[in-house]
Amino acid sequence: MCIFAIQNLTLSVMKQLLFVLTAILLATTAQAKKVKVTIDGMVSPSQTKLYLIINEDTANAQLIPIKDAKFSVTIKVDRDAFIRLHDYKQWPERSQFILIPDSKHITIDWDRGTIKGSEKSLELQMACRLIRDESPEGFHVDVFTDDPEAWREARLTEASIREDMMNNQRRIAKDMILKDKENAACAWIVYCFPEVIEGEIGAMLDNMQPKWMKHPILKKKK
C-alpha cells in the first residue's frame, strides 16, 4: 500500500511539474513573439488627430498626442502586427502609413509620405501605392459628341483600359506574393484589396497555403 501510494504521489508531482513547465514554455513563446517599437515623426501643422490602430482593431484605437506637429509613442506588439497611423479610423485602404515592427525605431513624415527605419513597411507602402494608382475605380473616358458610334467606341476603350489597370493591380500583388511566400505584408494586400486576388491568384494561394493567410487581420474578413 505504501509503495503504491508513493508511486501515485510521484506521478501526481510529475504531472504538476509538467503542467508548470508547459505553462512557462507557452508564456515564453508568446512573449518571444512580442516586440517593442518606438514610432515617432512629423504630421501636418493643421492635424489634430492621429490614431494608432493595431490589426484594424478600431474599437481599441489609440489616440496619439500631437505637440508642435510632432508625436512619439512606444508600444509592444506581435512581430507580424500591422500598425496603422491615420487621422481616420475608417478607410484602411487609403492609408499610406501601415507599419510593420521589423525594427525598434520607426520614423514617419506625414507631408513627405516617408518612412524611415523599416524596410518591410517601405515595401508595403510602395505596393499599396502602386495598387491604388492602378485602381480603375472612378476611371472613365469623356466623350464630347452626340455621335452614338463615338460613344460606343469610347465605352469599349474605357472597358479595355479598366481591364488593363486591374491586370496591373493583380500583377503587383502576384509579384509581391511570389517574391517572398512567407512575407506577412501580403496579408495587408489581401485585406485591403481583395479584388486583386480573385481568379488565378486566389487559386495560387489556395495551393500555396502560406502562413500569413492565417494572420489575425484576415480573420476579420470572414
# chains A, B, ... in the order shown; residues from 1 in each chain; ligands from 1
>>> residues_around(residues="A:Gln96", least_positions_apart="5", cutoff="9 Å", atoms="only C-alpha atoms", output="PyMOL selection string")
chain A and resi 84-86+110+113+125-126+128-129
>>> write_last_selection(atoms="N, CA, C and O atoms", output="PDB file, in the first residue's frame")
ATOM      1  N   ARG A  84      -1.431  50.768 -38.058  1.00  0.00           N
ATOM      2  CA  ARG A  84      -1.892  51.820 -38.976  1.00  0.00           C
ATOM      3  C   ARG A  84      -1.932  53.166 -38.267  1.00  0.00           C
ATOM      4  O   ARG A  84      -2.545  53.309 -37.222  1.00  0.00           O
ATOM      5  N   LEU A  85      -1.252  54.144 -38.863  1.00  0.00           N
ATOM      6  CA  LEU A  85      -1.306  55.523 -38.390  1.00  0.00           C
ATOM      7  C   LEU A  85      -2.164  56.308 -39.368  1.00  0.00           C
ATOM      8  O   LEU A  85      -1.842  56.398 -40.560  1.00  0.00           O
ATOM      9  N   HIS A  86      -3.243  56.863 -38.866  1.00  0.00           N
ATOM     10  CA  HIS A  86      -4.200  57.519 -39.764  1.00  0.00           C
ATOM     11  C   HIS A  86      -4.974  58.570 -38.976  1.00  0.00           C
ATOM     12  O   HIS A  86      -5.150  58.446 -37.765  1.00  0.00           O
ATOM     13  N   TRP A 110       4.609  62.897 -42.336  1.00  0.00           N
ATOM     14  CA  TRP A 110       3.270  62.878 -42.939  1.00  0.00           C
ATOM     15  C   TRP A 110       3.241  63.625 -44.267  1.00  0.00           C
ATOM     16  O   TRP A 110       2.691  63.136 -45.256  1.00  0.00           O
ATOM     17  N   GLY A 113       5.375  61.865 -46.826  1.00  0.00           N
ATOM     18  CA  GLY A 113       4.953  60.482 -47.060  1.00  0.00           C
ATOM     19  C   GLY A 113       6.069  59.481 -46.891  1.00  0.00           C
ATOM     20  O   GLY A 113       6.032  58.389 -47.473  1.00  0.00           O
ATOM     21  N   GLN A 125       4.286  49.964 -48.249  1.00  0.00           N
ATOM     22  CA  GLN A 125       3.814  51.276 -48.669  1.00  0.00           C
ATOM     23  C   GLN A 125       3.862  51.414 -50.189  1.00  0.00           C
ATOM     24  O   GLN A 125       2.913  51.895 -50.819  1.00  0.00           O
ATOM     25  N   MET A 126       4.974  50.977 -50.785  1.00  0.00           N
ATOM     26  CA  MET A 126       5.132  51.085 -52.237  1.00  0.00           C
ATOM     27  C   MET A 126       4.120  50.207 -52.970  1.00  0.00           C
ATOM     28  O   MET A 126       3.508  50.638 -53.954  1.00  0.00           O
ATOM     29  N   CYS A 128       1.171  49.149 -51.920  1.00  0.00           N
ATOM     30  CA  CYS A 128      -0.175  49.731 -51.781  1.00  0.00           C
ATOM     31  C   CYS A 128      -0.343  50.954 -52.680  1.00  0.00           C
ATOM     32  O   CYS A 128      -1.399  51.151 -53.294  1.00  0.00           O
ATOM     33  N   ARG A 129       0.700  51.750 -52.760  1.00  0.00           N
ATOM     34  CA  ARG A 129       0.642  52.954 -53.592  1.00  0.00           C
ATOM     35  C   ARG A 129       0.472  52.584 -55.067  1.00  0.00           C
ATOM     36  O   ARG A 129      -0.339  53.186 -55.791  1.00  0.00           O
TER      37      ARG A 129
END
>>> residues_around(residues="stretch 178-195 of chain A", least_positions_apart="3", cutoff="6 Å", atoms="only C-alpha atoms", output="list in words")
Glu93, Asp175, Glu198 and Trp212 of chain A
>>> residues_around(residues="stretch 47-57 of chain A", least_positions_apart="2", cutoff="8 Å", atoms="only C-alpha atoms", output="PDB file with all heavy atoms, in the first residue's frame")
ATOM      1  N   VAL A  43       3.716  65.381 -38.361  1.00  0.00           N
ATOM      2  CA  VAL A  43       2.427  65.396 -39.044  1.00  0.00           C
ATOM      3  C   VAL A  43       2.204  66.800 -39.600  1.00  0.00           C
ATOM      4  O   VAL A  43       3.005  67.716 -39.350  1.00  0.00           O
ATOM      5  CB  VAL A  43       1.274  64.997 -38.093  1.00  0.00           C
ATOM      6  CG1 VAL A  43       1.453  63.575 -37.601  1.00  0.00           C
ATOM      7  CG2 VAL A  43       1.169  65.948 -36.906  1.00  0.00           C
ATOM      8  N   SER A  44       1.120  66.994 -40.308  1.00  0.00           N
ATOM      9  CA  SER A  44       0.820  68.319 -40.843  1.00  0.00           C
ATOM     10  C   SER A  44       0.526  69.287 -39.697  1.00  0.00           C
ATOM     11  O   SER A  44      -0.090  68.896 -38.701  1.00  0.00           O
ATOM     12  CB  SER A  44      -0.387  68.235 -41.779  1.00  0.00           C
ATOM     13  OG  SER A  44      -0.109  67.401 -42.877  1.00  0.00           O
ATOM     14  N   PRO A  45       0.936  70.535 -39.818  1.00  0.00           N
ATOM     15  CA  PRO A  45       0.709  71.516 -38.742  1.00  0.00           C
ATOM     16  C   PRO A  45      -0.753  71.662 -38.347  1.00  0.00           C
ATOM     17  O   PRO A  45      -1.060  71.954 -37.187  1.00  0.00           O
ATOM     18  CB  PRO A  45       1.243  72.820 -39.357  1.00  0.00           C
ATOM     19  CG  PRO A  45       2.261  72.370 -40.346  1.00  0.00           C
ATOM     20  CD  PRO A  45       1.721  71.090 -40.918  1.00  0.00           C
ATOM     21  N   ALA A  59     -11.941  49.408 -32.500  1.00  0.00           N
ATOM     22  CA  ALA A  59     -12.618  49.615 -31.215  1.00  0.00           C
ATOM     23  C   ALA A  59     -11.625  50.012 -30.125  1.00  0.00           C
ATOM     24  O   ALA A  59     -11.992  50.685 -29.156  1.00  0.00           O
ATOM     25  CB  ALA A  59     -13.377  48.357 -30.811  1.00  0.00           C
ATOM     26  N   ASN A  60     -10.375  49.593 -30.288  1.00  0.00           N
ATOM     27  CA  ASN A  60      -9.335  49.908 -29.307  1.00  0.00           C
ATOM     28  C   ASN A  60      -8.261  50.819 -29.904  1.00  0.00           C
ATOM     29  O   ASN A  60      -7.090  50.756 -29.502  1.00  0.00           O
ATOM     30  CB  ASN A  60      -8.704  48.623 -28.777  1.00  0.00           C
ATOM     31  CG  ASN A  60      -9.674  47.808 -27.940  1.00  0.00           C
ATOM     32  OD1 ASN A  60     -10.209  48.285 -26.949  1.00  0.00           O
ATOM     33  ND2 ASN A  60      -9.924  46.569 -28.358  1.00  0.00           N
ATOM     34  N   ALA A  61      -8.664  51.635 -30.860  1.00  0.00           N
ATOM     35  CA  ALA A  61      -7.723  52.574 -31.473  1.00  0.00           C
ATOM     36  C   ALA A  61      -7.180  53.528 -30.417  1.00  0.00           C
ATOM     37  O   ALA A  61      -7.902  54.000 -29.543  1.00  0.00           O
ATOM     38  CB  ALA A  61      -8.418  53.349 -32.586  1.00  0.00           C
ATOM     39  N   GLN A  62      -5.882  53.793 -30.505  1.00  0.00           N
ATOM     40  CA  GLN A  62      -5.225  54.677 -29.546  1.00  0.00           C
ATOM     41  C   GLN A  62      -5.044  56.056 -30.167  1.00  0.00           C
ATOM     42  O   GLN A  62      -4.511  56.192 -31.265  1.00  0.00           O
ATOM     43  CB  GLN A  62      -3.863  54.088 -29.156  1.00  0.00           C
ATOM     44  CG  GLN A  62      -3.103  54.895 -28.121  1.00  0.00           C
ATOM     45  CD  GLN A  62      -1.779  54.242 -27.736  1.00  0.00           C
ATOM     46  OE1 GLN A  62      -1.522  53.086 -28.083  1.00  0.00           O
ATOM     47  NE2 GLN A  62      -0.932  54.982 -27.042  1.00  0.00           N
ATOM     48  N   LEU A  63      -5.510  57.080 -29.477  1.00  0.00           N
ATOM     49  CA  LEU A  63      -5.353  58.443 -29.965  1.00  0.00           C
ATOM     50  C   LEU A  63      -4.005  58.983 -29.480  1.00  0.00           C
ATOM     51  O   LEU A  63      -3.754  59.097 -28.281  1.00  0.00           O
ATOM     52  CB  LEU A  63      -6.489  59.319 -29.441  1.00  0.00           C
ATOM     53  CG  LEU A  63      -6.731  60.654 -30.157  1.00  0.00           C
ATOM     54  CD1 LEU A  63      -6.982  60.425 -31.653  1.00  0.00           C
ATOM     55  CD2 LEU A  63      -7.893  61.389 -29.524  1.00  0.00           C
ATOM     56  N   ILE A  64      -3.122  59.286 -30.428  1.00  0.00           N
ATOM     57  CA  ILE A  64      -1.749  59.688 -30.096  1.00  0.00           C
ATOM     58  C   ILE A  64      -1.669  61.203 -29.892  1.00  0.00           C
ATOM     59  O   ILE A  64      -2.122  61.970 -30.751  1.00  0.00           O
ATOM     60  CB  ILE A  64      -0.784  59.268 -31.233  1.00  0.00           C
ATOM     61  CG1 ILE A  64      -0.902  57.776 -31.525  1.00  0.00           C
ATOM     62  CG2 ILE A  64       0.645  59.648 -30.868  1.00  0.00           C
ATOM     63  CD1 ILE A  64      -0.597  56.898 -30.349  1.00  0.00           C
ATOM     64  N   PRO A  65      -1.109  61.632 -28.780  1.00  0.00           N
ATOM     65  CA  PRO A  65      -0.953  63.081 -28.548  1.00  0.00           C
ATOM     66  C   PRO A  65      -0.023  63.714 -29.593  1.00  0.00           C
ATOM     67  O   PRO A  65       1.002  63.132 -29.953  1.00  0.00           O
ATOM     68  CB  PRO A  65      -0.330  63.156 -27.149  1.00  0.00           C
ATOM     69  CG  PRO A  65      -0.638  61.834 -26.506  1.00  0.00           C
ATOM     70  CD  PRO A  65      -0.638  60.836 -27.629  1.00  0.00           C
ATOM     71  N   ILE A  66      -0.384  64.902 -30.044  1.00  0.00           N
ATOM     72  CA  ILE A  66       0.427  65.661 -31.000  1.00  0.00           C
ATOM     73  C   ILE A  66       0.801  66.994 -30.363  1.00  0.00           C
ATOM     74  O   ILE A  66      -0.049  67.686 -29.804  1.00  0.00           O
ATOM     75  CB  ILE A  66      -0.348  65.913 -32.310  1.00  0.00           C
ATOM     76  CG1 ILE A  66      -0.756  64.588 -32.972  1.00  0.00           C
ATOM     77  CG2 ILE A  66       0.478  66.763 -33.270  1.00  0.00           C
ATOM     78  CD1 ILE A  66      -1.667  64.766 -34.165  1.00  0.00           C
ATOM     79  N   ALA A  69       3.185  69.626 -34.016  1.00  0.00           N
ATOM     80  CA  ALA A  69       3.202  68.784 -35.229  1.00  0.00           C
ATOM     81  C   ALA A  69       4.126  67.579 -35.105  1.00  0.00           C
ATOM     82  O   ALA A  69       4.525  66.992 -36.112  1.00  0.00           O
ATOM     83  CB  ALA A  69       3.568  69.605 -36.459  1.00  0.00           C
ATOM     84  N   ALA A  81       2.407  42.190 -36.598  1.00  0.00           N
ATOM     85  CA  ALA A  81       1.260  43.088 -36.467  1.00  0.00           C
ATOM     86  C   ALA A  81       1.312  44.198 -37.513  1.00  0.00           C
ATOM     87  O   ALA A  81       2.396  44.604 -37.954  1.00  0.00           O
ATOM     88  CB  ALA A  81       1.228  43.692 -35.067  1.00  0.00           C
ATOM     89  N   PHE A  82       0.134  44.682 -37.894  1.00  0.00           N
ATOM     90  CA  PHE A  82       0.037  45.843 -38.768  1.00  0.00           C
ATOM     91  C   PHE A  82      -0.360  47.037 -37.911  1.00  0.00           C
ATOM     92  O   PHE A  82      -1.395  47.016 -37.241  1.00  0.00           O
ATOM     93  CB  PHE A  82      -0.993  45.625 -39.873  1.00  0.00           C
ATOM     94  CG  PHE A  82      -0.601  44.571 -40.859  1.00  0.00           C
ATOM     95  CD1 PHE A  82      -1.266  43.361 -40.911  1.00  0.00           C
ATOM     96  CD2 PHE A  82       0.446  44.785 -41.734  1.00  0.00           C
ATOM     97  CE1 PHE A  82      -0.904  42.382 -41.817  1.00  0.00           C
ATOM     98  CE2 PHE A  82       0.820  43.801 -42.650  1.00  0.00           C
ATOM     99  CZ  PHE A  82       0.147  42.605 -42.687  1.00  0.00           C
ATOM    100  N   ILE A  83       0.476  48.067 -37.936  1.00  0.00           N
ATOM    101  CA  ILE A  83       0.229  49.269 -37.151  1.00  0.00           C
ATOM    102  C   ILE A  83      -0.168  50.380 -38.121  1.00  0.00           C
ATOM    103  O   ILE A  83       0.651  50.853 -38.909  1.00  0.00           O
ATOM    104  CB  ILE A  83       1.491  49.691 -36.369  1.00  0.00           C
ATOM    105  CG1 ILE A  83       2.008  48.513 -35.531  1.00  0.00           C
ATOM    106  CG2 ILE A  83       1.203  50.905 -35.501  1.00  0.00           C
ATOM    107  CD1 ILE A  83       3.416  48.720 -35.006  1.00  0.00           C
ATOM    108  N   ARG A  84      -1.431  50.768 -38.058  1.00  0.00           N
ATOM    109  CA  ARG A  84      -1.892  51.820 -38.976  1.00  0.00           C
ATOM    110  C   ARG A  84      -1.932  53.166 -38.267  1.00  0.00           C
ATOM    111  O   ARG A  84      -2.545  53.309 -37.222  1.00  0.00           O
ATOM    112  CB  ARG A  84      -3.281  51.477 -39.530  1.00  0.00           C
ATOM    113  CG  ARG A  84      -3.854  52.590 -40.416  1.00  0.00           C
ATOM    114  CD  ARG A  84      -4.944  52.077 -41.318  1.00  0.00           C
ATOM    115  NE  ARG A  84      -6.140  51.661 -40.624  1.00  0.00           N
ATOM    116  CZ  ARG A  84      -7.244  52.421 -40.463  1.00  0.00           C
ATOM    117  NH1 ARG A  84      -7.260  53.652 -40.932  1.00  0.00           N
ATOM    118  NH2 ARG A  84      -8.305  51.932 -39.850  1.00  0.00           N
ATOM    119  N   LEU A  85      -1.252  54.144 -38.863  1.00  0.00           N
ATOM    120  CA  LEU A  85      -1.306  55.523 -38.390  1.00  0.00           C
ATOM    121  C   LEU A  85      -2.164  56.308 -39.368  1.00  0.00           C
ATOM    122  O   LEU A  85      -1.842  56.398 -40.560  1.00  0.00           O
ATOM    123  CB  LEU A  85       0.094  56.126 -38.318  1.00  0.00           C
ATOM    124  CG  LEU A  85       1.064  55.505 -37.311  1.00  0.00           C
ATOM    125  CD1 LEU A  85       2.423  56.172 -37.417  1.00  0.00           C
ATOM    126  CD2 LEU A  85       0.531  55.631 -35.886  1.00  0.00           C
ATOM    127  N   HIS A  86      -3.243  56.863 -38.866  1.00  0.00           N
ATOM    128  CA  HIS A  86      -4.200  57.519 -39.764  1.00  0.00           C
ATOM    129  C   HIS A  86      -4.974  58.570 -38.976  1.00  0.00           C
ATOM    130  O   HIS A  86      -5.150  58.446 -37.765  1.00  0.00           O
ATOM    131  CB  HIS A  86      -5.162  56.479 -40.334  1.00  0.00           C
ATOM    132  CG  HIS A  86      -5.708  56.829 -41.671  1.00  0.00           C
ATOM    133  ND1 HIS A  86      -6.516  55.998 -42.394  1.00  0.00           N
ATOM    134  CD2 HIS A  86      -5.557  57.942 -42.441  1.00  0.00           C
ATOM    135  CE1 HIS A  86      -6.835  56.565 -43.542  1.00  0.00           C
ATOM    136  NE2 HIS A  86      -6.257  57.752 -43.590  1.00  0.00           N
ATOM    137  N   ASP A  87      -5.463  59.594 -39.672  1.00  0.00           N
ATOM    138  CA  ASP A  87      -6.290  60.584 -38.995  1.00  0.00           C
ATOM    139  C   ASP A  87      -7.762  60.179 -39.003  1.00  0.00           C
ATOM    140  O   ASP A  87      -8.615  60.924 -38.508  1.00  0.00           O
ATOM    141  CB  ASP A  87      -6.111  61.980 -39.617  1.00  0.00           C
ATOM    142  CG  ASP A  87      -6.097  61.959 -41.140  1.00  0.00           C
ATOM    143  OD1 ASP A  87      -6.184  60.857 -41.711  1.00  0.00           O
ATOM    144  OD2 ASP A  87      -5.982  63.038 -41.745  1.00  0.00           O
ATOM    145  N   TYR A  88      -8.039  58.992 -39.562  1.00  0.00           N
ATOM    146  CA  TYR A  88      -9.388  58.420 -39.532  1.00  0.00           C
ATOM    147  C   TYR A  88      -9.301  56.963 -39.091  1.00  0.00           C
ATOM    148  O   TYR A  88      -8.329  56.281 -39.393  1.00  0.00           O
ATOM    149  CB  TYR A  88     -10.054  58.480 -40.911  1.00  0.00           C
ATOM    150  CG  TYR A  88     -10.330  59.883 -41.411  1.00  0.00           C
ATOM    151  CD1 TYR A  88      -9.457  60.494 -42.308  1.00  0.00           C
ATOM    152  CD2 TYR A  88     -11.453  60.583 -40.984  1.00  0.00           C
ATOM    153  CE1 TYR A  88      -9.704  61.783 -42.765  1.00  0.00           C
ATOM    154  CE2 TYR A  88     -11.710  61.865 -41.446  1.00  0.00           C
ATOM    155  CZ  TYR A  88     -10.831  62.462 -42.331  1.00  0.00           C
ATOM    156  OH  TYR A  88     -11.077  63.736 -42.788  1.00  0.00           O
ATOM    157  N   LYS A  89     -10.357  56.493 -38.427  1.00  0.00           N
ATOM    158  CA  LYS A  89     -10.413  55.079 -38.084  1.00  0.00           C
ATOM    159  C   LYS A  89     -10.820  54.247 -39.299  1.00  0.00           C
ATOM    160  O   LYS A  89     -10.498  53.067 -39.389  1.00  0.00           O
ATOM    161  CB  LYS A  89     -11.411  54.836 -36.947  1.00  0.00           C
ATOM    162  CG  LYS A  89     -10.989  55.395 -35.606  1.00  0.00           C
ATOM    163  CD  LYS A  89     -12.005  55.013 -34.537  1.00  0.00           C
ATOM    164  CE  LYS A  89     -11.639  55.581 -33.191  1.00  0.00           C
ATOM    165  NZ  LYS A  89     -12.631  55.195 -32.147  1.00  0.00           N
ATOM    166  N   PRO A  92      -8.898  51.939 -44.259  1.00  0.00           N
ATOM    167  CA  PRO A  92      -7.502  51.482 -44.170  1.00  0.00           C
ATOM    168  C   PRO A  92      -6.819  51.403 -45.528  1.00  0.00           C
ATOM    169  O   PRO A  92      -5.597  51.586 -45.627  1.00  0.00           O
ATOM    170  CB  PRO A  92      -7.630  50.096 -43.531  1.00  0.00           C
ATOM    171  CG  PRO A  92      -9.030  49.667 -43.805  1.00  0.00           C
ATOM    172  CD  PRO A  92      -9.843  50.923 -43.770  1.00  0.00           C
ATOM    173  N   PRO A 216      -4.208  37.283 -38.104  1.00  0.00           N
ATOM    174  CA  PRO A 216      -5.424  37.735 -37.420  1.00  0.00           C
ATOM    175  C   PRO A 216      -6.256  38.735 -38.201  1.00  0.00           C
ATOM    176  O   PRO A 216      -7.483  38.735 -38.123  1.00  0.00           O
ATOM    177  CB  PRO A 216      -4.870  38.388 -36.139  1.00  0.00           C
ATOM    178  CG  PRO A 216      -3.593  37.692 -35.887  1.00  0.00           C
ATOM    179  CD  PRO A 216      -3.017  37.392 -37.251  1.00  0.00           C
ATOM    180  N   ILE A 217      -5.580  39.571 -39.015  1.00  0.00           N
ATOM    181  CA  ILE A 217      -6.326  40.582 -39.753  1.00  0.00           C
ATOM    182  C   ILE A 217      -7.255  39.980 -40.794  1.00  0.00           C
ATOM    183  O   ILE A 217      -8.316  40.513 -41.105  1.00  0.00           O
ATOM    184  CB  ILE A 217      -5.357  41.596 -40.411  1.00  0.00           C
ATOM    185  CG1 ILE A 217      -6.094  42.886 -40.741  1.00  0.00           C
ATOM    186  CG2 ILE A 217      -4.700  41.024 -41.664  1.00  0.00           C
ATOM    187  CD1 ILE A 217      -5.203  43.994 -41.193  1.00  0.00           C
TER     188      ILE A 217
END
>>> closest_residue(among="A:Glu134, A:Ala150, A:Asp111, A:Arg155", to="A:Asn167", atoms="only C-alpha atoms")
A:Glu134
>>> select_by_dssp(residues="stretch 12-198 of chain A", states="helix (DSSP H, G or I)", output="number ranges by chain")
A: 12-32, 58-60, 92-94, 119-133, 148-179, 186-192, 194-197
>>> closest_residue(among="A:Asp142, A:Pro210, A:Met166, A:His215", to="A:Ile197", atoms="only C-alpha atoms")
A:Met166
>>> select_by_dssp(residues="chain A", states="strand (DSSP E)", output="NGL selection string")
:A and (34-42 or 51-54 or 62-63 or 70-78 or 83-86 or 98-99 or 105-109 or 114-116)
>>> write_last_selection(atoms="C-alpha atoms", output="compact mmCIF listing (two decimals), in the first residue's frame")
# COMPACT_ATOMS: atom_id res chain seq x y z
CA LYS A 34 6.19 40.41 -28.97
CA VAL A 35 8.47 43.28 -29.95
CA LYS A 36 8.87 46.76 -28.55
CA VAL A 37 8.91 49.59 -31.06
CA THR A 38 9.05 53.36 -30.82
CA ILE A 39 7.21 55.26 -33.54
CA ASP A 40 7.66 58.99 -33.96
CA GLY A 41 7.63 61.67 -36.58
CA MET A 42 6.03 64.77 -38.04
CA TYR A 51 -4.96 57.23 -34.48
CA LEU A 52 -2.76 54.20 -33.87
CA ILE A 53 -4.68 51.07 -34.84
CA ILE A 54 -3.26 47.56 -34.46
CA GLN A 62 -5.22 54.68 -29.55
CA LEU A 63 -5.35 58.44 -29.97
CA LYS A 70 5.31 66.04 -33.62
CA PHE A 71 4.43 62.77 -31.93
CA SER A 72 6.13 59.81 -30.29
CA VAL A 73 4.76 56.57 -28.91
CA THR A 74 6.27 53.28 -27.73
CA ILE A 75 4.24 50.09 -27.94
CA LYS A 76 4.68 46.32 -27.66
CA VAL A 77 3.06 44.28 -30.42
CA ASP A 78 3.32 40.96 -32.25
CA ILE A 83 0.23 49.27 -37.15
CA ARG A 84 -1.89 51.82 -38.98
CA LEU A 85 -1.31 55.52 -38.39
CA HIS A 86 -4.20 57.52 -39.76
CA ILE A 98 0.96 50.92 -42.44
CA LEU A 99 3.91 49.94 -40.31
CA HIS A 105 12.52 52.66 -34.08
CA ILE A 106 10.39 53.84 -36.99
CA THR A 107 10.02 57.47 -38.07
CA ILE A 108 7.43 58.92 -40.45
CA ASP A 109 6.92 62.27 -42.12
CA THR A 114 8.24 58.96 -45.95
CA ILE A 115 9.04 56.06 -43.62
CA LYS A 116 12.48 55.57 -42.08
>>> atom_distance(atom1="atom CA of A:Ala159", atom2="atom CA of A:Val143")
14.1 Å
>>> closest_residue(among="A:Arg170, A:Lys219, A:His140, A:Lys104", to="A:Thr157", atoms="only C-alpha atoms")
A:His140
>>> atom_distance(atom1="atom CA of A:Phe139", atom2="atom CA of A:Glu123")
26.2 Å
